[in-house]
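One file, protein-v1.cif, carrying mmCIF, C-alpha atoms and all ligand atoms:
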```cif
data_data
loop_
_atom_site.label_atom_id
_atom_site.label_comp_id
_atom_site.auth_asym_id
_atom_site.auth_seq_id
_atom_site.Cartn_x
_atom_site.Cartn_y
_atom_site.Cartn_z
CA MET A 1 103.82 106.36 114.15
CA ILE A 2 103.75 104.15 111.10
CA ASP A 3 101.10 103.68 108.42
CA PHE A 4 102.51 100.82 106.40
CA HIS A 5 99.65 100.59 103.89
CA CYS A 6 97.88 103.71 102.66
CA HIS A 7 96.59 104.71 99.21
CA LEU A 8 97.68 108.36 99.29
CA ASP A 9 96.91 108.82 95.59
CA LEU A 10 93.26 107.88 96.04
CA TYR A 11 92.26 110.68 98.43
CA LYS A 12 90.38 113.66 96.99
CA ASP A 13 93.09 115.96 98.33
CA PRO A 14 96.33 114.00 98.81
CA ALA A 15 98.34 117.17 99.51
CA SER A 16 96.43 117.98 102.69
CA VAL A 17 96.54 114.35 103.87
CA ILE A 18 100.32 114.41 103.35
CA LYS A 19 100.67 117.75 105.11
CA ARG A 20 98.85 116.48 108.20
CA ALA A 21 100.93 113.28 108.20
CA ALA A 22 104.15 115.27 107.95
CA LEU A 23 103.13 117.54 110.84
CA GLU A 24 102.62 114.47 113.03
CA GLY A 25 105.79 112.79 111.74
CA VAL A 26 103.94 109.72 110.50
CA TYR A 27 105.96 107.29 108.37
CA VAL A 28 103.83 106.22 105.36
CA LEU A 29 104.15 103.41 102.86
CA SER A 30 102.18 104.84 99.95
CA VAL A 31 100.89 101.90 97.92
CA THR A 32 99.68 101.93 94.33
CA THR A 33 97.06 99.84 92.57
CA THR A 34 98.45 100.07 89.01
CA PRO A 35 101.92 100.53 87.53
CA LYS A 36 100.58 103.53 85.58
CA ALA A 37 99.89 105.27 88.90
CA TRP A 38 103.51 104.92 90.05
CA PRO A 39 105.06 108.11 88.58
CA GLY A 40 102.31 110.40 89.85
CA THR A 41 102.10 108.72 93.23
CA ARG A 42 105.84 108.87 93.69
CA ARG A 43 105.75 112.57 92.85
CA LEU A 44 103.43 113.05 95.85
CA ALA A 45 106.30 111.87 98.06
CA GLU A 46 108.86 114.32 96.67
CA GLY A 47 110.54 116.19 99.49
CA GLN A 48 108.80 113.96 102.07
CA LYS A 49 111.42 111.98 103.94
CA ARG A 50 108.87 109.83 105.72
CA ILE A 51 106.92 108.67 102.67
CA GLN A 52 108.00 105.69 100.61
CA THR A 53 106.11 104.59 97.50
CA ALA A 54 105.35 100.99 96.58
CA LEU A 55 104.87 99.69 93.04
CA GLY A 56 101.71 97.59 92.80
CA LEU A 57 99.00 95.98 90.73
CA HIS A 58 95.93 95.33 92.84
CA PRO A 59 94.35 91.88 92.49
CA GLN A 60 90.85 93.34 92.20
CA ILE A 61 91.78 95.04 88.93
CA ALA A 62 94.42 92.56 87.74
CA HIS A 63 92.21 91.31 84.90
CA GLU A 64 91.89 94.84 83.49
CA ARG A 65 95.54 95.79 83.90
CA GLU A 66 97.44 92.74 82.75
CA SER A 67 98.86 94.82 79.91
CA GLU A 68 100.69 96.96 82.48
CA LEU A 69 102.92 94.07 83.55
CA SER A 70 105.69 95.16 81.21
CA LEU A 71 105.53 98.62 82.75
CA PHE A 72 105.73 96.97 86.19
CA ASP A 73 108.92 95.22 85.11
CA MET A 74 110.41 98.45 83.79
CA LEU A 75 109.69 100.35 86.98
CA LEU A 76 110.71 97.63 89.41
CA ALA A 77 114.40 98.56 89.36
CA GLU A 78 113.60 101.95 90.92
CA ALA A 79 111.00 100.65 93.41
CA LYS A 80 112.24 99.61 96.85
CA TYR A 81 108.79 98.39 97.85
CA VAL A 82 106.16 96.37 96.01
CA GLY A 83 102.42 96.56 96.61
CA GLU A 84 99.57 96.41 96.66
CA ILE A 85 99.72 92.95 95.10
CA GLY A 86 98.08 89.61 95.95
CA LEU A 87 94.91 87.66 95.31
CA ASP A 88 91.26 88.22 96.20
CA GLY A 89 89.01 85.17 96.34
CA SER A 90 85.84 86.88 97.52
CA PRO A 91 82.73 86.07 95.42
CA GLU A 92 82.78 89.19 93.22
CA HIS A 93 86.47 88.71 92.33
CA LEU A 94 86.67 84.93 92.16
CA PRO A 95 85.62 84.80 88.47
CA PHE A 96 88.84 86.66 87.63
CA MET A 97 91.11 84.33 89.61
CA PRO A 98 92.89 82.96 86.52
CA ALA A 99 93.97 86.48 85.52
CA GLN A 100 94.82 87.34 89.13
CA LEU A 101 97.07 84.29 89.30
CA ARG A 102 98.78 85.09 85.99
CA VAL A 103 99.50 88.60 87.20
CA LEU A 104 100.74 87.57 90.65
CA LYS A 105 102.97 84.83 89.23
CA ARG A 106 104.50 87.23 86.77
CA ILE A 107 105.07 89.88 89.48
CA LEU A 108 106.68 87.37 91.84
CA GLN A 109 108.95 86.11 89.05
CA SER A 110 110.09 89.66 88.38
CA VAL A 111 110.55 90.45 92.08
CA SER A 112 112.54 87.27 92.64
CA ARG A 113 114.75 88.06 89.65
CA ALA A 114 115.25 91.59 90.98
CA GLY A 115 116.57 90.24 94.30
CA GLY A 116 113.38 90.45 96.38
CA ARG A 117 111.44 93.36 97.86
CA ILE A 118 109.41 94.24 100.91
CA MET A 119 105.90 93.55 99.62
CA THR A 120 102.54 94.66 101.01
CA VAL A 121 100.17 91.84 100.15
CA HIS A 122 96.39 91.48 99.88
CA SER A 123 95.07 87.96 100.58
CA ARG A 124 91.33 88.26 101.22
CA HIS A 125 89.69 84.84 100.89
CA ALA A 126 92.88 83.64 99.25
CA ALA A 127 95.47 83.37 102.01
CA LYS A 128 96.44 79.81 101.22
CA ALA A 129 96.86 80.49 97.51
CA VAL A 130 98.92 83.62 98.19
CA LEU A 131 101.25 81.72 100.54
CA GLU A 132 101.56 78.95 97.99
CA GLU A 133 102.52 81.36 95.18
CA MET A 134 105.14 83.04 97.35
CA LYS A 135 106.65 79.69 98.20
CA LEU A 136 106.72 78.67 94.53
CA HIS A 137 108.68 81.73 93.50
CA GLY A 138 111.70 81.36 95.74
CA ASP A 139 113.38 84.42 97.17
CA VAL A 140 110.78 87.13 96.70
CA GLY A 141 111.82 89.14 99.75
CA ILE A 142 109.63 89.88 102.76
CA PRO A 143 105.83 89.72 102.49
CA VAL A 144 103.80 91.91 104.83
CA LEU A 145 100.28 90.50 104.83
CA HIS A 146 97.99 93.49 105.10
CA TRP A 147 94.60 93.26 106.89
CA PHE A 148 95.01 89.49 107.11
CA SER A 149 91.66 87.68 107.30
CA GLY A 150 92.61 84.04 106.84
CA ASN A 151 91.61 81.24 109.20
CA SER A 152 93.76 79.97 112.05
CA ASP A 153 95.46 77.29 109.93
CA GLU A 154 96.34 79.86 107.28
CA LEU A 155 97.61 82.24 109.93
CA ALA A 156 99.78 79.52 111.46
CA LEU A 157 101.19 78.78 108.01
CA ALA A 158 101.89 82.48 107.37
CA VAL A 159 103.71 82.74 110.70
CA GLN A 160 105.70 79.60 109.92
CA ARG A 161 106.66 81.07 106.53
CA GLU A 162 107.99 84.17 108.35
CA CYS A 163 105.45 86.60 106.96
CA TRP A 164 104.92 89.97 108.60
CA PHE A 165 101.51 91.56 109.22
CA SER A 166 100.09 95.08 109.09
CA VAL A 167 96.97 95.75 111.11
CA GLY A 168 94.69 98.77 111.27
CA PRO A 169 91.90 100.41 113.26
CA ALA A 170 89.14 98.73 111.23
CA MET A 171 90.59 95.24 111.75
CA LEU A 172 91.02 95.99 115.45
CA LYS A 173 87.30 96.81 115.76
CA SER A 174 86.18 93.24 115.11
CA LYS A 175 86.40 90.27 117.44
CA ALA A 176 87.69 88.06 114.60
CA GLY A 177 90.35 90.63 113.73
CA LYS A 178 91.51 90.87 117.34
CA ASP A 179 91.59 87.08 117.67
CA ARG A 180 93.91 86.87 114.68
CA ILE A 181 96.17 89.65 115.93
CA ILE A 182 96.57 87.89 119.30
CA SER A 183 98.00 84.90 117.40
CA MET A 184 100.49 86.99 115.39
CA PRO A 185 104.08 87.39 116.63
CA ARG A 186 104.29 90.89 118.13
CA ASN A 187 107.73 91.40 116.68
CA ARG A 188 106.37 91.01 113.14
CA ILE A 189 103.46 93.47 113.35
CA LEU A 190 103.22 96.92 111.78
CA THR A 191 100.32 99.36 111.81
CA GLU A 192 98.35 100.59 108.79
CA THR A 193 95.17 102.45 107.88
CA ASP A 194 94.45 101.20 104.32
CA GLY A 195 92.94 104.64 103.81
CA PRO A 196 90.88 105.85 102.09
CA PHE A 197 89.34 102.34 101.91
CA GLY A 198 89.88 101.67 105.59
CA GLN A 199 87.12 103.43 107.47
CA ILE A 200 85.83 103.90 110.99
CA SER A 201 82.19 104.93 111.44
CA GLY A 202 81.84 105.57 107.71
CA LYS A 203 84.77 107.99 107.60
CA SER A 204 87.93 107.27 105.61
CA LEU A 205 91.04 106.86 107.71
CA GLU A 206 94.25 108.72 106.91
CA PRO A 207 97.82 108.26 108.17
CA ILE A 208 97.36 110.48 111.24
CA ASP A 209 94.60 108.08 112.37
CA VAL A 210 97.06 105.23 112.77
CA GLY A 211 97.25 106.19 116.46
CA GLN A 212 93.87 104.47 116.77
CA ALA A 213 95.58 101.19 115.89
CA VAL A 214 98.24 101.85 118.52
CA SER A 215 95.55 102.50 121.17
CA ALA A 216 93.63 99.38 120.20
CA LEU A 217 96.80 97.26 120.27
CA SER A 218 97.58 98.75 123.66
CA ALA A 219 94.20 97.54 124.98
CA LEU A 220 94.58 94.15 123.30
CA TRP A 221 98.14 93.51 124.48
CA LEU A 222 97.73 95.19 127.89
CA MET A 223 100.77 97.32 127.08
CA PRO A 224 101.08 101.12 127.44
CA PRO A 225 100.52 102.97 124.12
CA ASP A 226 104.02 104.46 124.10
CA GLU A 227 105.51 100.98 124.43
CA VAL A 228 103.32 99.74 121.58
CA ALA A 229 104.44 102.66 119.41
CA ALA A 230 108.09 101.97 120.29
CA LEU A 231 107.68 98.27 119.49
CA ILE A 232 106.13 99.02 116.08
CA GLN A 233 108.97 101.44 115.35
CA GLU A 234 111.55 98.80 116.33
CA ASN A 235 109.76 96.27 114.15
CA LEU A 236 109.97 98.55 111.13
CA LYS A 237 113.66 99.16 111.71
CA ARG A 238 114.26 95.42 111.89
CA LEU A 239 112.18 94.78 108.77
CA LEU A 240 114.24 97.33 106.84
CA ALA A 241 117.49 95.95 108.24
CA GLU A 242 116.48 92.46 107.12
CA ALA A 243 115.74 93.85 103.67
CA GLY A 244 119.00 95.83 103.64
CA GLN A 245 117.27 99.22 103.67
CA GLU A 246 117.33 102.25 105.89
CA LEU A 247 114.51 104.00 107.65
CA GLY A 248 113.92 107.51 106.31
CA THR A 249 113.52 109.62 109.42
MN MN B 1 94.78 98.50 100.21
#
```
Conversion result in structure tokens:
Amino acid sequence: MIDFHCHLDLYKDPASVIKRAALEGVYVLSVTTTPKAWPGTRRLAEGQKRIQTALGLHPQIAHERESELSLFDMLLAEAKYVGEIGLDGSPEHLPFMPAQLRVLKRILQSVSRAGGRIMTVHSRHAAKAVLEEMKLHGDVGIPVLHWFSGNSDELALAVQRECWFSVGPAMLKSKAGKDRIISMPRNRILTETDGPFGQISGKSLEPIDVGQAVSALSALWLMPPDEVAALIQENLKRLLAEAGQELGT
């Protein structure tokens, strides 16, 4: 099983979350929200073959953390993955859009200069702007749009631009979420939890809960769960092959 977007460092007790994930053999992309969090978050993955850490600067705090961009640049050489990055155009974050854009542009410039990365990307109420920025910055690597909530035109554009998608149990609970997933290419979908933010029935999800996404995809696609799990695994292998990386097993 694969949890391609999880904030391991934001759980109260990351060690026990990691222990449970390791027991179940879950592959985790551990994302960060600030460059300052990178060293500590990467330390959580020490000795864990199935955890990779991504270097990020979350759009919702971009305006407070712009000063960490130079640290982002310094750390990028050692980061195989980038995220969480992106834009958030929802009402409470819209006032900070100029800072969000400055930060995203600068990150994409650095990533492009560094040869591109697999990026886990937030695009809530800003899908079109995120796609536009990625186009502007040339070869930035492979964007995986996490918990995509854009409209059907934006989704069609994302598919056309060869974006990937990561989808989780919470997204699969809603009719709108399921409608979007049906329109995504199955060979470019990964599973995620977005824990501890991603919740079901008021409880934070963790990597071992990603099986709930597999079950929901199984119902949506009318495909047995083991075939869904195998497809997601194949997808990840192909994503890494395209990016010139290997799957830690
Ligand atoms: Mn997230």
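Each of A:Ala213, A:Leu108, A:Ala99, A:Met184 was checked against Leu136 of chain A using all atoms listed in the file; the smallest atom-to-atom distance is that of A:Leu108.
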Can you work out which one of A:Thr191, A:Ser183, A:Ser67, A:Ser112 has the shortest atom-to-atom distance to Glu133 of chain A, counting all atoms listed in the file? A:Ser112
Please identify all protein, DNA and RNA residues within 7 Å of ligand MN 1 (chain B), counting only C-alpha atoms and all ligand atoms, and report them as JSON, numbers by chain. {"A": [5, 6, 7, 84, 194, 197]}
One decimal, Å: what's the distance from atom CA of Arg50 of chain A over to atom CA of Val28 of chain A, could you say?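 Here the two named atoms are 6.2 Å from each other.
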Hey, which of A:Leu44, A:Leu101, A:Val111, A:Ala156 ends up closest to Leu75 of chain A? Count all atoms listed in the file.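 The answer is A:Val111, which sits nearest to Leu75 of chain A.
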Please determine, counting only C-alpha atoms, which residue among A:Val82, A:Leu157, A:Leu71, A:Ala229 has the shortest atom-to-atom distance to His122 of chain A.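 Among the listed residues, A:Val82 lies closest to His122 of chain A.
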Here's a test: counting all atoms listed in the file, identify every protein, DNA and RNA residue with an atom at most 6 Å from (100.5, 105.9, 95.2) in the file's coordinate frame, and state them as a ChimeraX atom specification. /A:7-9,30-32,41
Just-selected residues, C-alpha atoms written as a PDB file, in the frame of the given file:
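New file out-v4.pdb:
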```pdb
ATOM      1  CA  HIS A   7      96.590 104.710  99.210  1.00  0.00           C
ATOM      2  CA  LEU A   8      97.680 108.360  99.290  1.00  0.00           C
ATOM      3  CA  ASP A   9      96.910 108.820  95.590  1.00  0.00           C
ATOM      4  CA  SER A  30     102.180 104.840  99.950  1.00  0.00           C
ATOM      5  CA  VAL A  31     100.890 101.900  97.920  1.00  0.00           C
ATOM      6  CA  THR A  32      99.680 101.930  94.330  1.00  0.00           C
ATOM      7  CA  THR A  41     102.100 108.720  93.230  1.00  0.00           C
TER       8      THR A  41
END
```
If I put a ball of radius 10 Å at (99.7, 89.0, 115.5) in the file's coordinates, which residues poke into it when counting all atoms listed in the file, written as number ranges by chain? A: 148, 155, 159, 164-167, 177-190, 217
Between atom CA of Ile118 of chain A and atom CA of Glu46 of chain A, what is the spacing in Å?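 Atom-to-atom, atom CA of Glu46 of chain A and atom CA of Ile118 of chain A are spaced 20.5 Å apart.
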To one decimal place in Å, what is the distance between atom CA of Arg106 of chain A and atom CA of Trp147 of chain A?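 Separation of atom CA of Arg106 of chain A and atom CA of Trp147 of chain A: 23.2 Å.
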Residues near Gly89 of chain A, cut-off 6 Å, all atoms listed in the file, skip fewer than 4 positions along chain, as a JSON list (two decimals) with C-alpha atoms, in the coordinates of the input:
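Saved the output as result.json:
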```
[["chain", "number", "residue", "atom", "x", "y", "z"],
["A", 93, "HIS", "CA", 86.47, 88.71, 92.33],
["A", 94, "LEU", "CA", 86.67, 84.93, 92.16],
["A", 125, "HIS", "CA", 89.69, 84.84, 100.89],
["A", 126, "ALA", "CA", 92.88, 83.64, 99.25]]
```
Could you add N, CA and C atoms to segment 17-39 of chain A and give me the result as a PDB file, keeping the file's coordinate frame?
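Now in out.pdb:
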```pdb
ATOM      1  N   VAL A  17      96.326 115.578 103.074  1.00  0.00           N
ATOM      2  CA  VAL A  17      96.540 114.350 103.870  1.00  0.00           C
ATOM      3  C   VAL A  17      98.035 114.231 104.196  1.00  0.00           C
ATOM      4  N   ILE A  18      98.866 114.500 103.174  1.00  0.00           N
ATOM      5  CA  ILE A  18     100.320 114.410 103.350  1.00  0.00           C
ATOM      6  C   ILE A  18     100.821 115.472 104.319  1.00  0.00           C
ATOM      7  N   LYS A  19     100.256 116.665 104.225  1.00  0.00           N
ATOM      8  CA  LYS A  19     100.670 117.750 105.110  1.00  0.00           C
ATOM      9  C   LYS A  19     100.382 117.395 106.576  1.00  0.00           C
ATOM     10  N   ARG A  20      99.197 116.865 106.818  1.00  0.00           N
ATOM     11  CA  ARG A  20      98.850 116.480 108.200  1.00  0.00           C
ATOM     12  C   ARG A  20      99.756 115.348 108.690  1.00  0.00           C
ATOM     13  N   ALA A  21     100.051 114.388 107.809  1.00  0.00           N
ATOM     14  CA  ALA A  21     100.930 113.280 108.200  1.00  0.00           C
ATOM     15  C   ALA A  21     102.328 113.783 108.528  1.00  0.00           C
ATOM     16  N   ALA A  22     102.807 114.735 107.722  1.00  0.00           N
ATOM     17  CA  ALA A  22     104.150 115.270 107.950  1.00  0.00           C
ATOM     18  C   ALA A  22     104.223 116.028 109.271  1.00  0.00           C
ATOM     19  N   LEU A  23     103.157 116.783 109.574  1.00  0.00           N
ATOM     20  CA  LEU A  23     103.130 117.540 110.840  1.00  0.00           C
ATOM     21  C   LEU A  23     103.214 116.610 112.043  1.00  0.00           C
ATOM     22  N   GLU A  24     102.605 115.439 111.920  1.00  0.00           N
ATOM     23  CA  GLU A  24     102.620 114.470 113.030  1.00  0.00           C
ATOM     24  C   GLU A  24     103.819 113.531 112.945  1.00  0.00           C
ATOM     25  N   GLY A  25     104.619 113.658 111.884  1.00  0.00           N
ATOM     26  CA  GLY A  25     105.790 112.790 111.740  1.00  0.00           C
ATOM     27  C   GLY A  25     105.456 111.336 111.460  1.00  0.00           C
ATOM     28  N   VAL A  26     104.333 111.096 110.779  1.00  0.00           N
ATOM     29  CA  VAL A  26     103.940 109.720 110.500  1.00  0.00           C
ATOM     30  C   VAL A  26     104.730 109.179 109.298  1.00  0.00           C
ATOM     31  N   TYR A  27     105.288 107.987 109.465  1.00  0.00           N
ATOM     32  CA  TYR A  27     105.960 107.290 108.370  1.00  0.00           C
ATOM     33  C   TYR A  27     104.882 106.593 107.542  1.00  0.00           C
ATOM     34  N   VAL A  28     104.895 106.783 106.207  1.00  0.00           N
ATOM     35  CA  VAL A  28     103.830 106.220 105.360  1.00  0.00           C
ATOM     36  C   VAL A  28     104.413 105.369 104.235  1.00  0.00           C
ATOM     37  N   LEU A  29     103.893 104.167 104.085  1.00  0.00           N
ATOM     38  CA  LEU A  29     104.150 103.410 102.860  1.00  0.00           C
ATOM     39  C   LEU A  29     102.952 103.655 101.946  1.00  0.00           C
ATOM     40  N   SER A  30     103.214 104.412 100.887  1.00  0.00           N
ATOM     41  CA  SER A  30     102.180 104.840  99.950  1.00  0.00           C
ATOM     42  C   SER A  30     102.092 103.800  98.844  1.00  0.00           C
ATOM     43  N   VAL A  31     101.009 103.027  98.856  1.00  0.00           N
ATOM     44  CA  VAL A  31     100.890 101.900  97.920  1.00  0.00           C
ATOM     45  C   VAL A  31     100.136 102.330  96.673  1.00  0.00           C
ATOM     46  N   THR A  32     100.393 101.625  95.569  1.00  0.00           N
ATOM     47  CA  THR A  32      99.680 101.930  94.330  1.00  0.00           C
ATOM     48  C   THR A  32      98.894 100.703  93.873  1.00  0.00           C
ATOM     49  N   THR A  33      97.872 100.947  93.056  1.00  0.00           N
ATOM     50  CA  THR A  33      97.060  99.840  92.570  1.00  0.00           C
ATOM     51  C   THR A  33      97.350  99.503  91.109  1.00  0.00           C
ATOM     52  N   THR A  34      98.052 100.378  90.387  1.00  0.00           N
ATOM     53  CA  THR A  34      98.450 100.070  89.010  1.00  0.00           C
ATOM     54  C   THR A  34      99.838 100.646  88.742  1.00  0.00           C
ATOM     55  N   PRO A  35     100.610  99.983  87.884  1.00  0.00           N
ATOM     56  CA  PRO A  35     101.920 100.530  87.530  1.00  0.00           C
ATOM     57  C   PRO A  35     101.816 101.937  86.930  1.00  0.00           C
ATOM     58  N   LYS A  36     100.738 102.197  86.182  1.00  0.00           N
ATOM     59  CA  LYS A  36     100.580 103.530  85.580  1.00  0.00           C
ATOM     60  C   LYS A  36     100.478 104.631  86.631  1.00  0.00           C
ATOM     61  N   ALA A  37     100.039 104.265  87.840  1.00  0.00           N
ATOM     62  CA  ALA A  37      99.890 105.270  88.900  1.00  0.00           C
ATOM     63  C   ALA A  37     101.212 105.584  89.589  1.00  0.00           C
ATOM     64  N   TRP A  38     102.248 104.778  89.318  1.00  0.00           N
ATOM     65  CA  TRP A  38     103.510 104.920  90.050  1.00  0.00           C
ATOM     66  C   TRP A  38     104.163 106.305  89.903  1.00  0.00           C
ATOM     67  N   PRO A  39     104.337 106.834  88.670  1.00  0.00           N
ATOM     68  CA  PRO A  39     105.060 108.110  88.580  1.00  0.00           C
ATOM     69  C   PRO A  39     104.362 109.230  89.347  1.00  0.00           C
TER      70      PRO A  39
END
```
